[in-house]
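Chemist: One structure, as C-alpha cells, below. Some questions next.
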Amino acid sequence: MFSLIWMNFKRNKGRKLLTTLSVVIAFLLFGVLLAVRHGLSGQRPQSQAATLRMTTLNKVAPYSPMPVAYAERIAAVPGVEAVTYLSAFAGFYQKQSNFVLMFAVPSASLLGVYPDLTVQPDQLNTWLTDRTGVLVTPALAKQYGWHVGDHVPIGSSIQRKDGSTTWDVAIDGVINTRGGTQFSSQKLFMHYSYLDEARVSNQGTVDTFIELVSSPSQTTEVSHAIDRLFINASPQTVTTASNALLQNAYAAAGNVGAIFTSVAVLVFLSMLLVVGAIMLHTARERLSEFAVLRALGFQRGTVTALVLSESMLVCVGGGLIGLLLAYFLTGKLQHLLEQQLAGVIMTGFAILVSIVLMIVLALLASAIPALQTWRLSVRDALGKA
Amino acid sequence: MSAVAVENTRNQPLVNLRGVTKLYKRGSETVEVLKRLDLTVPRGDFLALMGPSGSGKTTLMNILGGLDRPTSGEVIIDGQPIHTLSDSALSGWRARHVGFVFQLYHLLPVLTAEQNVALPLMLTHLSGPERKKRALAALTLVGLEDRAKHKPSELSGGQEQRVGIARAIVTDPTLLLCDEPTGDLDRKAGDEILELLQLLNKEHGKTIIMVTHDPHAAARAERTLFMNKGVLGEEPEA
C-alpha cells in the first residue's frame, strides 16, 4: 500500500514540489516565530538561583546611576541573603564592531548572588587579587582567541582620568554556569573598583543592584521593603524579580508576543487554504481512479486513507523539513541575539505544537477531498470518466 | 481448471437475478431503469448484452458487479445473495469474485503494467514476490509479458486493454464483467481483445458477461440478450 501512496505522491512532481516547498517555508517561519516569541516571553531556562534573584533600578530612569551606598541599606532588609551591583557599559576590542558587553562588579559579592556561576578556584583567586583582572565568558574568549594570562586593551566611551578611554585588562579566568552549560554571550566581568577609581564621571554610582532572597515567595515583600527604604531619597528605586523585569521590559515594547502569535496563526491559515485547494484539485483529478480501486474491491476507508496519506506526506514531510531548518536557524539567531534577546530557542513544547499543527493541517486540508472520496459513487465516477 | 472440470461445472447457474427492479430519481421524476428483470447465466457462459443507450445495460452490469444495489429483487451470484451484503462486505466480495474490464481501461497512469495487474492482489495475503509472479503470469496469458515494466502511456490502446483484462483475471474471479471492452479500439485491436476473451471463456472456463453496441463483438459470445427500456429479451426490438 505504501508503494501506491508513494507512486501517487510522485505524480505531478512540479506541483508537489512547490506545495511541499510552501509547507517547508511556512513551518520554517512558524518555528522561528515560536522561538522568537519564546525569547520575548523571557522564558529562558532558569537555574533555581535565578528565581531567587531580584533587581533594583532607578525608578525614574531605569539603568541610570544610583549611589553605590544603597547596597549596604539593601543588605540590611530582612529576607535579603546577599546583594551585589553592577555598572554595565559597551566596550570593543580592536575595532568598534568587535562588541564586548562589560560588567563592572564587586568581586567579593558577585558569586554570592550568582551561586550558579562558576570559576576555577585558581583563576578566581588570581582575579580577586588582580585589580585590572577580568573574567570572560567562553564565547567571548573563543571569539577573540583570548587565553588566560593574556593582556588585552578594551576600548569604550567611558572617559578615564588619565585622558584615555581604553581599559587595559588581564584575562584571569573564564566564567561559566554550573552544570556544564556555557554562556553563549560575549560578556566580560571587571572589578567595579577599577572602573570607579579610574573614570571621570558617575563615580560612586551603579546601574543595578541585584539581591538574592531565600525564597521566591518573599520577592513581593522584599521588593516593597527595599523600595520603601528610598521613598524619600533621590533617586527612588523600583525592585522586581529579575525574570519579571525582563518580561516587563518586553511588555513595554508592546505585546509583541501576541503579534507573533497572530502572524503564526495567519501563516497556518494561509497554508491551510493553499494545501487545501491543491489537495481538492488533486483528488478531483483522480476520482475515476479512486472509483476503479473501489470497483477492484478496495474498501471505502482504504481509498479515503490514500487521500489523507498524501496530504500527510506533504504537510508532515514538508513541515518536519521546515522545522529542522528553523531549529538550525534559531540556533544561529540565539548566538547572534544573545545580547538583545536571550532565550530564542525552539523548546520541546514548540516542536510538539508544530508537529500537532502539521497533522491538523494535513487533516483539515484533506477533509473535503477525503469526504468526497468517502462518499464517492463508483457508478457515477466511472460513468463520468 | 482442467477441461473436464470446466465441462462438469459448465451448466451450473452462476448468476441468478429474480425480479430485479432499479429506480432512479431524476429531479422530481422517478425512472424505472430495470423492470422486474429475471436472468440466469450458467457457469462458463459467454453472454453478450446489447441494446440502445439508456436501455439499462450498464445499470445491470453495475448490479451484477456489486457496484450498485437493486431497488427490489434478488441478486444471487455463485449462491451468494449479494444484494443483502453491507458496503464493506460487498467490497470484499468484489475483490474475490468479480473482474471488471472497462471500455476506457482505467489503468492507474503512475503504475507500470505489472503494478496495475498486481493491484487487486494487494487485497490478498500474498507476499510481494508471489503477487509479482501472479501478475507476470496474467500478463503472459494476455501476451504482454515483455511490456510488464511499461506505463500505460507507453502502451497502445489494445495493449492497455490487455493489461486491463490481465488485472481482471489475476485473482481468478468467478465472473468477468466487460463493459464495452472494444468500444475504444480499432477493429483489429478489438478483434484481438475478443479472441482473448473467447480464449478465457473456452480454455479457462471464465464466465463472461459483456456489454456491447457492436454486433460484430456480440457475435463472438455464445449467446446474446437484448435490453430495451429495462427489459431483457432474446431478440432486438424492432
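By convention here, the chains of the C-alpha cells are called A, B, ... in the order presented, each chain's residues are numbered starting at 1, and ligands are numbered starting at 1 in the order presented.
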Can I get the residues of chain B within 8 Å of chain A, each with the closest pair of atoms and their distance in Å to one decimal, using only C-alpha atoms, sorted chain first then ascending number, as a Markdown table?
Modeler:
| residue | atom | partner | partner_atom | distance |
| --- | --- | --- | --- | --- |
| B:Asn62 | CA | A:Arg379 | CA | 7.0 |
| B:Leu67 | CA | A:Arg379 | CA | 6.4 |
| B:Asp68 | CA | A:Arg379 | CA | 7.0 |
| B:Ser88 | CA | A:Gln299 | CA | 6.3 |
| B:Leu90 | CA | A:Gly297 | CA | 7.9 |
| B:Ser91 | CA | A:Gly297 | CA | 4.4 |
| B:Gly92 | CA | A:Gly297 | CA | 5.6 |
| B:Trp93 | CA | A:Gly297 | CA | 7.3 |
| B:Arg94 | CA | A:Gly297 | CA | 5.1 |
| B:Ala95 | CA | A:Gly297 | CA | 4.2 |
| B:Arg96 | CA | A:Gly297 | CA | 7.9 |
| B:Gly99 | CA | A:Leu296 | CA | 7.4 |
| B:Phe100 | CA | A:Leu296 | CA | 7.4 |
| B:His106 | CA | A:Val292 | CA | 6.8 |
| B:Leu107 | CA | A:Glu289 | CA | 7.8 |
| B:Leu108 | CA | A:Glu289 | CA | 6.6 |
| B:Val110 | CA | A:Met7 | CA | 6.2 |
| B:Leu111 | CA | A:Met7 | CA | 7.1 |
| B:Pro120 | CA | A:Leu296 | CA | 6.0 |
| B:Met122 | CA | A:Met1 | CA | 7.3 |
| B:Leu123 | CA | A:Phe298 | CA | 7.1 |
Chemist: From a DSSP calculation on the backbone, collect every residue of region 205-358 of chain A in alpha helix (DSSP H) and output the set as a compact mmCIF listing (two decimals) with N, CA and C atoms, in the first residue's frame.
Modeler:
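Written file, part_4.txt:
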# COMPACT_ATOMS: atom_id res chain seq x y z
N THR A 219 9.65 37.53 47.38
CA THR A 219 10.05 38.60 46.46
C THR A 219 9.17 39.84 46.57
N THR A 220 7.86 39.65 46.70
CA THR A 220 6.96 40.81 46.77
C THR A 220 7.25 41.64 48.03
N GLU A 221 7.31 40.93 49.13
CA GLU A 221 7.53 41.60 50.42
C GLU A 221 8.88 42.32 50.44
N VAL A 222 9.91 41.64 49.96
CA VAL A 222 11.25 42.23 49.98
C VAL A 222 11.33 43.42 49.01
N SER A 223 10.71 43.29 47.86
CA SER A 223 10.78 44.40 46.89
C SER A 223 10.13 45.66 47.47
N HIS A 224 9.00 45.48 48.15
CA HIS A 224 8.34 46.64 48.77
C HIS A 224 9.23 47.23 49.85
N ALA A 225 9.86 46.35 50.63
CA ALA A 225 10.71 46.82 51.73
C ALA A 225 11.90 47.62 51.19
N ILE A 226 12.50 47.14 50.11
CA ILE A 226 13.66 47.85 49.52
C ILE A 226 13.22 49.21 48.99
N ASP A 227 12.14 49.23 48.24
CA ASP A 227 11.70 50.49 47.63
C ASP A 227 11.25 51.50 48.69
N ARG A 228 10.71 50.99 49.82
CA ARG A 228 10.31 51.91 50.91
C ARG A 228 11.52 52.62 51.51
N LEU A 229 12.68 51.91 51.48
CA LEU A 229 13.90 52.50 52.03
C LEU A 229 14.26 53.82 51.35
N SER A 242 13.97 39.38 38.94
CA SER A 242 14.76 39.57 37.71
C SER A 242 14.01 39.14 36.48
N ASN A 243 13.33 38.00 36.59
CA ASN A 243 12.60 37.48 35.44
C ASN A 243 11.44 38.40 35.08
N ALA A 244 10.76 38.92 36.11
CA ALA A 244 9.64 39.82 35.87
C ALA A 244 10.12 41.10 35.19
N LEU A 245 11.33 41.53 35.57
CA LEU A 245 11.89 42.75 34.98
C LEU A 245 12.06 42.57 33.48
N LEU A 246 12.57 41.40 33.14
CA LEU A 246 12.79 41.12 31.72
C LEU A 246 11.46 41.14 30.96
N GLN A 247 10.47 40.50 31.57
CA GLN A 247 9.16 40.44 30.90
C GLN A 247 8.54 41.83 30.79
N ASN A 248 8.70 42.64 31.85
CA ASN A 248 8.15 43.99 31.81
C ASN A 248 8.81 44.81 30.71
N ALA A 249 10.11 44.59 30.55
CA ALA A 249 10.83 45.33 29.51
C ALA A 249 10.25 45.01 28.14
N TYR A 250 9.94 43.75 27.93
CA TYR A 250 9.38 43.37 26.65
C TYR A 250 7.94 43.85 26.52
N ALA A 251 7.19 43.79 27.63
CA ALA A 251 5.80 44.25 27.60
C ALA A 251 5.75 45.74 27.28
N ALA A 252 6.78 46.49 27.76
CA ALA A 252 6.82 47.93 27.49
C ALA A 252 6.94 48.20 26.00
N VAL A 256 4.37 42.24 21.83
CA VAL A 256 4.98 41.69 20.62
C VAL A 256 4.68 40.20 20.49
N GLY A 257 4.62 39.52 21.64
CA GLY A 257 4.33 38.09 21.63
C GLY A 257 3.00 37.80 20.96
N ALA A 258 2.00 38.63 21.28
CA ALA A 258 0.67 38.42 20.69
C ALA A 258 0.71 38.66 19.19
N ILE A 259 1.52 39.65 18.79
CA ILE A 259 1.65 39.92 17.35
C ILE A 259 2.27 38.72 16.65
N PHE A 260 3.30 38.15 17.28
CA PHE A 260 3.95 36.98 16.70
C PHE A 260 2.97 35.81 16.62
N THR A 261 2.16 35.65 17.66
CA THR A 261 1.18 34.56 17.64
C THR A 261 0.20 34.78 16.50
N SER A 262 -0.23 36.04 16.33
CA SER A 262 -1.19 36.34 15.26
C SER A 262 -0.59 36.02 13.89
N VAL A 263 0.69 36.38 13.72
CA VAL A 263 1.36 36.10 12.44
C VAL A 263 1.44 34.59 12.22
N ALA A 264 1.77 33.86 13.29
CA ALA A 264 1.88 32.40 13.18
C ALA A 264 0.53 31.79 12.80
N VAL A 265 -0.54 32.31 13.38
CA VAL A 265 -1.89 31.80 13.07
C VAL A 265 -2.23 32.10 11.61
N LEU A 266 -1.87 33.30 11.16
CA LEU A 266 -2.14 33.66 9.76
C LEU A 266 -1.35 32.79 8.79
N VAL A 267 -0.10 32.50 9.17
CA VAL A 267 0.73 31.60 8.35
C VAL A 267 0.03 30.24 8.22
N PHE A 268 -0.46 29.76 9.36
CA PHE A 268 -1.12 28.46 9.38
C PHE A 268 -2.38 28.48 8.50
N LEU A 269 -3.18 29.53 8.65
CA LEU A 269 -4.43 29.60 7.89
C LEU A 269 -4.17 29.72 6.39
N SER A 270 -3.15 30.51 6.03
CA SER A 270 -2.86 30.66 4.60
C SER A 270 -2.38 29.34 4.03
N MET A 271 -1.59 28.60 4.82
CA MET A 271 -1.13 27.28 4.35
C MET A 271 -2.30 26.32 4.19
N LEU A 272 -3.24 26.44 5.12
CA LEU A 272 -4.42 25.58 5.07
C LEU A 272 -5.17 25.80 3.76
N LEU A 273 -5.30 27.06 3.38
CA LEU A 273 -6.01 27.37 2.14
C LEU A 273 -5.23 26.88 0.92
N VAL A 274 -3.91 27.10 0.94
CA VAL A 274 -3.08 26.69 -0.20
C VAL A 274 -3.11 25.17 -0.37
N VAL A 275 -2.78 24.47 0.71
CA VAL A 275 -2.71 23.00 0.61
C VAL A 275 -4.09 22.42 0.37
N GLY A 276 -5.10 23.01 1.02
CA GLY A 276 -6.47 22.52 0.84
C GLY A 276 -6.90 22.62 -0.61
N ALA A 277 -6.62 23.77 -1.24
CA ALA A 277 -7.03 23.96 -2.64
C ALA A 277 -6.32 22.94 -3.53
N ILE A 278 -5.04 22.72 -3.27
CA ILE A 278 -4.27 21.79 -4.11
C ILE A 278 -4.74 20.36 -3.90
N MET A 279 -5.01 20.00 -2.65
CA MET A 279 -5.49 18.64 -2.38
C MET A 279 -6.86 18.41 -3.03
N LEU A 280 -7.68 19.43 -2.98
CA LEU A 280 -9.02 19.32 -3.57
C LEU A 280 -8.90 19.08 -5.08
N HIS A 281 -8.01 19.86 -5.70
CA HIS A 281 -7.81 19.75 -7.14
C HIS A 281 -7.23 18.38 -7.49
N THR A 282 -6.24 17.97 -6.70
CA THR A 282 -5.57 16.68 -6.95
C THR A 282 -6.56 15.52 -6.83
N ALA A 283 -7.36 15.56 -5.78
CA ALA A 283 -8.31 14.46 -5.56
C ALA A 283 -9.37 14.44 -6.65
N ARG A 284 -9.81 15.64 -7.06
CA ARG A 284 -10.86 15.69 -8.09
C ARG A 284 -10.36 15.09 -9.41
N GLU A 285 -9.08 15.33 -9.70
CA GLU A 285 -8.49 14.77 -10.92
C GLU A 285 -8.51 13.24 -10.90
N LEU A 287 -10.69 11.14 -9.12
CA LEU A 287 -11.90 10.46 -8.63
C LEU A 287 -12.17 9.18 -9.39
N SER A 288 -11.92 9.20 -10.72
CA SER A 288 -12.20 7.98 -11.50
C SER A 288 -11.24 6.86 -11.09
N GLU A 289 -10.00 7.23 -10.74
CA GLU A 289 -9.05 6.21 -10.28
C GLU A 289 -9.48 5.62 -8.93
N PHE A 290 -9.97 6.51 -8.08
CA PHE A 290 -10.48 6.02 -6.79
C PHE A 290 -11.67 5.08 -7.02
N ALA A 291 -12.49 5.44 -8.02
CA ALA A 291 -13.65 4.60 -8.33
C ALA A 291 -13.19 3.22 -8.81
N VAL A 292 -12.12 3.21 -9.61
CA VAL A 292 -11.59 1.93 -10.09
C VAL A 292 -11.10 1.08 -8.92
N LEU A 293 -10.38 1.73 -8.00
CA LEU A 293 -9.89 1.00 -6.82
C LEU A 293 -11.06 0.41 -6.03
N ARG A 294 -12.12 1.21 -5.90
CA ARG A 294 -13.29 0.71 -5.18
C ARG A 294 -13.89 -0.47 -5.94
N ALA A 295 -13.95 -0.36 -7.28
CA ALA A 295 -14.51 -1.45 -8.08
C ALA A 295 -13.68 -2.72 -7.92
N LEU A 296 -12.37 -2.54 -7.79
CA LEU A 296 -11.49 -3.72 -7.66
C LEU A 296 -11.63 -4.38 -6.29
N ARG A 300 -13.80 1.41 1.22
CA ARG A 300 -14.03 2.86 1.21
C ARG A 300 -12.97 3.57 2.08
N GLY A 301 -12.71 3.01 3.25
CA GLY A 301 -11.75 3.61 4.18
C GLY A 301 -10.33 3.61 3.63
N THR A 302 -9.98 2.53 2.92
CA THR A 302 -8.62 2.42 2.38
C THR A 302 -8.39 3.50 1.32
N VAL A 303 -9.38 3.68 0.45
CA VAL A 303 -9.23 4.67 -0.62
C VAL A 303 -9.19 6.08 -0.02
N THR A 304 -10.02 6.32 1.00
CA THR A 304 -10.01 7.63 1.67
C THR A 304 -8.65 7.85 2.34
N ALA A 305 -8.10 6.77 2.88
CA ALA A 305 -6.79 6.88 3.55
C ALA A 305 -5.70 7.29 2.56
N LEU A 306 -5.87 6.90 1.29
CA LEU A 306 -4.89 7.30 0.27
C LEU A 306 -4.84 8.82 0.16
N VAL A 307 -6.02 9.45 0.18
CA VAL A 307 -6.09 10.91 0.07
C VAL A 307 -5.45 11.55 1.31
N LEU A 308 -5.81 11.01 2.47
CA LEU A 308 -5.27 11.57 3.71
C LEU A 308 -3.76 11.40 3.79
N SER A 309 -3.29 10.23 3.36
CA SER A 309 -1.85 9.95 3.49
C SER A 309 -1.03 10.87 2.58
N GLU A 310 -1.58 11.20 1.43
CA GLU A 310 -0.86 12.10 0.53
C GLU A 310 -0.75 13.49 1.17
N SER A 311 -1.83 13.92 1.78
CA SER A 311 -1.82 15.21 2.47
C SER A 311 -0.84 15.16 3.65
N MET A 312 -0.80 14.01 4.33
CA MET A 312 0.12 13.85 5.46
C MET A 312 1.57 13.94 4.98
N GLY A 318 6.97 18.01 4.64
CA GLY A 318 7.44 19.39 4.43
C GLY A 318 7.60 20.12 5.75
N GLY A 319 6.65 19.90 6.65
CA GLY A 319 6.69 20.57 7.95
C GLY A 319 7.91 20.20 8.75
N LEU A 320 8.26 18.92 8.74
CA LEU A 320 9.43 18.47 9.51
C LEU A 320 10.72 19.06 8.94
N ILE A 321 10.78 19.12 7.61
CA ILE A 321 11.97 19.74 6.99
C ILE A 321 12.05 21.21 7.41
N GLY A 322 10.91 21.90 7.34
CA GLY A 322 10.87 23.31 7.74
C GLY A 322 11.26 23.50 9.19
N LEU A 323 10.77 22.60 10.02
CA LEU A 323 11.06 22.69 11.46
C LEU A 323 12.55 22.45 11.73
N LEU A 324 13.11 21.52 10.97
CA LEU A 324 14.54 21.23 11.13
C LEU A 324 15.37 22.46 10.74
N LEU A 325 14.97 23.09 9.63
CA LEU A 325 15.67 24.31 9.20
C LEU A 325 15.50 25.41 10.25
N ALA A 326 14.29 25.50 10.81
CA ALA A 326 14.02 26.52 11.84
C ALA A 326 14.90 26.26 13.06
N TYR A 327 15.10 24.99 13.36
CA TYR A 327 15.92 24.61 14.53
C TYR A 327 17.36 25.11 14.35
N PHE A 328 17.89 24.90 13.15
CA PHE A 328 19.27 25.35 12.89
C PHE A 328 19.33 26.88 12.85
N LEU A 329 18.31 27.47 12.24
CA LEU A 329 18.30 28.93 12.12
C LEU A 329 18.19 29.59 13.50
N THR A 330 17.34 29.06 14.36
CA THR A 330 17.20 29.66 15.70
C THR A 330 18.47 29.45 16.52
N GLY A 331 19.18 28.35 16.21
CA GLY A 331 20.48 28.14 16.87
C GLY A 331 21.43 29.29 16.54
N LYS A 332 21.43 29.69 15.27
CA LYS A 332 22.27 30.82 14.83
C LYS A 332 21.75 32.12 15.46
N LEU A 333 20.42 32.28 15.42
CA LEU A 333 19.83 33.51 15.96
C LEU A 333 20.14 33.66 17.45
N GLN A 334 20.08 32.53 18.14
CA GLN A 334 20.33 32.55 19.58
C GLN A 334 21.72 33.11 19.86
N HIS A 335 22.65 32.70 19.01
CA HIS A 335 24.03 33.15 19.17
C HIS A 335 24.13 34.65 18.86
N LEU A 336 23.47 35.06 17.77
CA LEU A 336 23.57 36.46 17.33
C LEU A 336 22.83 37.42 18.25
N GLY A 348 10.97 22.02 23.40
CA GLY A 348 10.31 20.75 23.09
C GLY A 348 8.82 20.96 22.89
N PHE A 349 8.27 21.86 23.70
CA PHE A 349 6.84 22.15 23.59
C PHE A 349 6.51 22.76 22.22
N ALA A 350 7.39 23.68 21.76
CA ALA A 350 7.17 24.33 20.46
C ALA A 350 7.23 23.29 19.34
N ILE A 351 8.17 22.35 19.46
CA ILE A 351 8.31 21.30 18.44
C ILE A 351 7.05 20.42 18.43
N LEU A 352 6.59 20.10 19.64
CA LEU A 352 5.38 19.26 19.76
C LEU A 352 4.18 19.98 19.15
N VAL A 353 4.04 21.26 19.49
CA VAL A 353 2.92 22.05 18.95
C VAL A 353 2.99 22.07 17.42
N SER A 354 4.20 22.26 16.89
CA SER A 354 4.37 22.33 15.44
C SER A 354 3.98 21.00 14.79
N ILE A 355 4.39 19.89 15.39
CA ILE A 355 4.06 18.59 14.80
C ILE A 355 2.55 18.34 14.84
N VAL A 356 1.94 18.73 15.96
CA VAL A 356 0.48 18.58 16.06
C VAL A 356 -0.19 19.44 14.98
N LEU A 357 0.34 20.65 14.78
CA LEU A 357 -0.24 21.54 13.76
C LEU A 357 -0.06 20.98 12.36
N MET A 358 1.08 20.30 12.12
CA MET A 358 1.28 19.67 10.80
C MET A 358 0.18 18.64 10.55
Chemist: Residues of region 89-222 of chain A classed as strand (DSSP E) by DSSP on the backbone are to be reported as number ranges by chain.
Modeler: A: 89-93, 99-105, 117-118, 133-136, 151-156, 166-174, 176-177, 187-191, 205-206, 208-213
Chemist: Could the residues in this selection be written to a file with N, CA and C atoms, as a short mmCIF file (atom, residue, chain, number, x, y, z; two decimals), in the first residue's frame?
Modeler:
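What ended up in result-v1.cif:
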data_model
loop_
_atom_site.label_atom_id
_atom_site.label_comp_id
_atom_site.auth_asym_id
_atom_site.auth_seq_id
_atom_site.Cartn_x
_atom_site.Cartn_y
_atom_site.Cartn_z
N PHE A 89 28.52 48.68 30.62
CA PHE A 89 28.79 49.59 29.51
C PHE A 89 29.34 48.81 28.31
N ALA A 90 29.23 49.47 27.17
CA ALA A 90 29.66 48.79 25.93
C ALA A 90 31.14 49.01 25.70
N GLY A 91 31.84 47.95 25.40
CA GLY A 91 33.24 48.06 25.07
C GLY A 91 33.50 47.43 23.72
N PHE A 92 34.71 47.56 23.24
CA PHE A 92 35.05 46.89 21.98
C PHE A 92 36.53 46.50 21.98
N TYR A 93 36.83 45.51 21.19
CA TYR A 93 38.20 45.01 21.11
C TYR A 93 38.76 45.30 19.72
N PHE A 99 32.18 43.95 19.47
CA PHE A 99 31.44 44.35 20.66
C PHE A 99 31.79 43.46 21.86
N VAL A 100 31.93 44.12 23.02
CA VAL A 100 32.13 43.40 24.28
C VAL A 100 31.22 44.03 25.32
N LEU A 101 30.37 43.20 25.95
CA LEU A 101 29.50 43.73 27.00
C LEU A 101 30.26 43.67 28.33
N MET A 102 30.49 44.86 28.90
CA MET A 102 31.34 44.97 30.11
C MET A 102 30.46 45.11 31.34
N PHE A 103 30.79 44.34 32.35
CA PHE A 103 30.11 44.47 33.64
C PHE A 103 31.16 44.77 34.70
N ALA A 104 31.01 45.92 35.34
CA ALA A 104 31.90 46.24 36.46
C ALA A 104 31.16 45.79 37.72
N VAL A 105 31.74 44.83 38.42
CA VAL A 105 31.06 44.22 39.57
C VAL A 105 32.00 44.17 40.77
N LEU A 117 27.05 30.62 38.98
CA LEU A 117 28.23 30.87 38.14
C LEU A 117 29.44 30.19 38.77
N THR A 118 30.35 29.80 37.92
CA THR A 118 31.50 29.07 38.45
C THR A 118 32.78 29.51 37.74
N GLY A 133 42.34 42.72 36.55
CA GLY A 133 41.97 41.41 36.00
C GLY A 133 40.49 41.32 35.65
N VAL A 134 40.18 40.46 34.72
CA VAL A 134 38.78 40.27 34.31
C VAL A 134 38.49 38.78 34.15
N LEU A 135 37.20 38.46 34.24
CA LEU A 135 36.71 37.12 33.89
C LEU A 135 35.91 37.26 32.60
N VAL A 136 36.06 36.32 31.72
CA VAL A 136 35.33 36.39 30.45
C VAL A 136 34.53 35.12 30.24
N HIS A 151 46.91 39.87 28.09
CA HIS A 151 46.58 41.25 28.43
C HIS A 151 45.98 41.89 27.18
N VAL A 152 44.78 42.44 27.32
CA VAL A 152 44.11 42.99 26.13
C VAL A 152 43.59 44.39 26.43
N PRO A 153 43.61 45.30 25.44
CA PRO A 153 43.03 46.62 25.60
C PRO A 153 41.56 46.61 25.16
N ILE A 154 40.68 47.14 25.99
CA ILE A 154 39.26 47.23 25.63
C ILE A 154 38.88 48.69 25.49
N GLY A 155 38.46 49.06 24.31
CA GLY A 155 38.03 50.44 24.07
C GLY A 155 36.63 50.67 24.62
N SER A 156 36.30 51.94 24.92
CA SER A 156 34.97 52.26 25.44
C SER A 156 34.68 53.73 25.23
N THR A 166 40.59 53.73 26.97
CA THR A 166 40.93 52.30 26.83
C THR A 166 41.24 51.70 28.20
N TRP A 167 40.71 50.49 28.40
CA TRP A 167 40.91 49.79 29.67
C TRP A 167 41.82 48.60 29.39
N ASP A 168 43.01 48.65 29.95
CA ASP A 168 43.92 47.52 29.80
C ASP A 168 43.59 46.49 30.86
N VAL A 169 43.19 45.34 30.43
CA VAL A 169 42.77 44.31 31.39
C VAL A 169 43.57 43.03 31.14
N ALA A 170 43.63 42.20 32.21
CA ALA A 170 44.30 40.90 32.12
C ALA A 170 43.24 39.81 32.22
N ILE A 171 43.31 38.84 31.32
CA ILE A 171 42.35 37.74 31.36
C ILE A 171 42.80 36.79 32.48
N ASP A 172 42.06 36.84 33.60
CA ASP A 172 42.43 36.00 34.74
C ASP A 172 41.71 34.66 34.74
N GLY A 173 40.56 34.62 34.11
CA GLY A 173 39.83 33.35 34.15
C GLY A 173 38.61 33.36 33.24
N VAL A 174 38.00 32.18 33.21
CA VAL A 174 36.79 32.01 32.39
C VAL A 174 35.63 31.73 33.34
N ASN A 176 31.73 30.58 33.97
CA ASN A 176 30.79 29.66 33.33
C ASN A 176 29.58 29.47 34.22
N THR A 177 28.60 28.76 33.70
CA THR A 177 27.45 28.41 34.54
C THR A 177 27.62 26.98 35.01
N LYS A 187 30.47 38.25 27.30
CA LYS A 187 30.46 39.13 28.47
C LYS A 187 31.83 39.15 29.11
N LEU A 188 32.10 40.31 29.75
CA LEU A 188 33.38 40.48 30.45
C LEU A 188 33.08 41.07 31.83
N PHE A 189 33.64 40.50 32.88
CA PHE A 189 33.42 40.96 34.24
C PHE A 189 34.73 41.57 34.76
N MET A 190 34.66 42.87 35.06
CA MET A 190 35.85 43.55 35.61
C MET A 190 35.51 44.01 37.04
N HIS A 191 36.55 44.41 37.75
CA HIS A 191 36.32 44.90 39.11
C HIS A 191 35.66 46.26 39.07
N THR A 205 28.65 55.47 41.74
CA THR A 205 27.28 55.09 41.32
C THR A 205 27.31 53.74 40.59
N VAL A 206 26.13 53.15 40.55
CA VAL A 206 25.96 51.89 39.79
C VAL A 206 24.63 51.94 39.05
N THR A 208 22.63 49.05 38.58
CA THR A 208 21.71 47.99 39.00
C THR A 208 22.19 47.37 40.32
N PHE A 209 21.22 47.10 41.20
CA PHE A 209 21.52 46.27 42.36
C PHE A 209 20.82 44.93 42.14
N ILE A 210 21.51 43.89 42.53
CA ILE A 210 20.90 42.56 42.40
C ILE A 210 20.93 41.90 43.77
N GLU A 211 19.73 41.45 44.19
CA GLU A 211 19.61 40.84 45.50
C GLU A 211 19.27 39.36 45.35
N LEU A 212 19.70 38.58 46.31
CA LEU A 212 19.32 37.17 46.38
C LEU A 212 18.47 36.99 47.63
N VAL A 213 17.24 36.47 47.44
CA VAL A 213 16.37 36.24 48.60
C VAL A 213 16.35 34.74 48.89
#
Chemist: Could you name the residues that touch Leu17 (chain B) at 10 Å or less, counting only C-alpha atoms, but leaving out those on the same chain fewer than 4 positions away, as a list of chain:residue names?
Modeler: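 The filter keeps B:Arg36, B:Leu37, B:Asp38, B:Leu39, B:Thr40, B:Val41, B:Leu60, B:Ile63, B:Leu64, B:Gly73, B:Glu74, B:Val75, B:Ile76, B:Ile77, B:Pro81.
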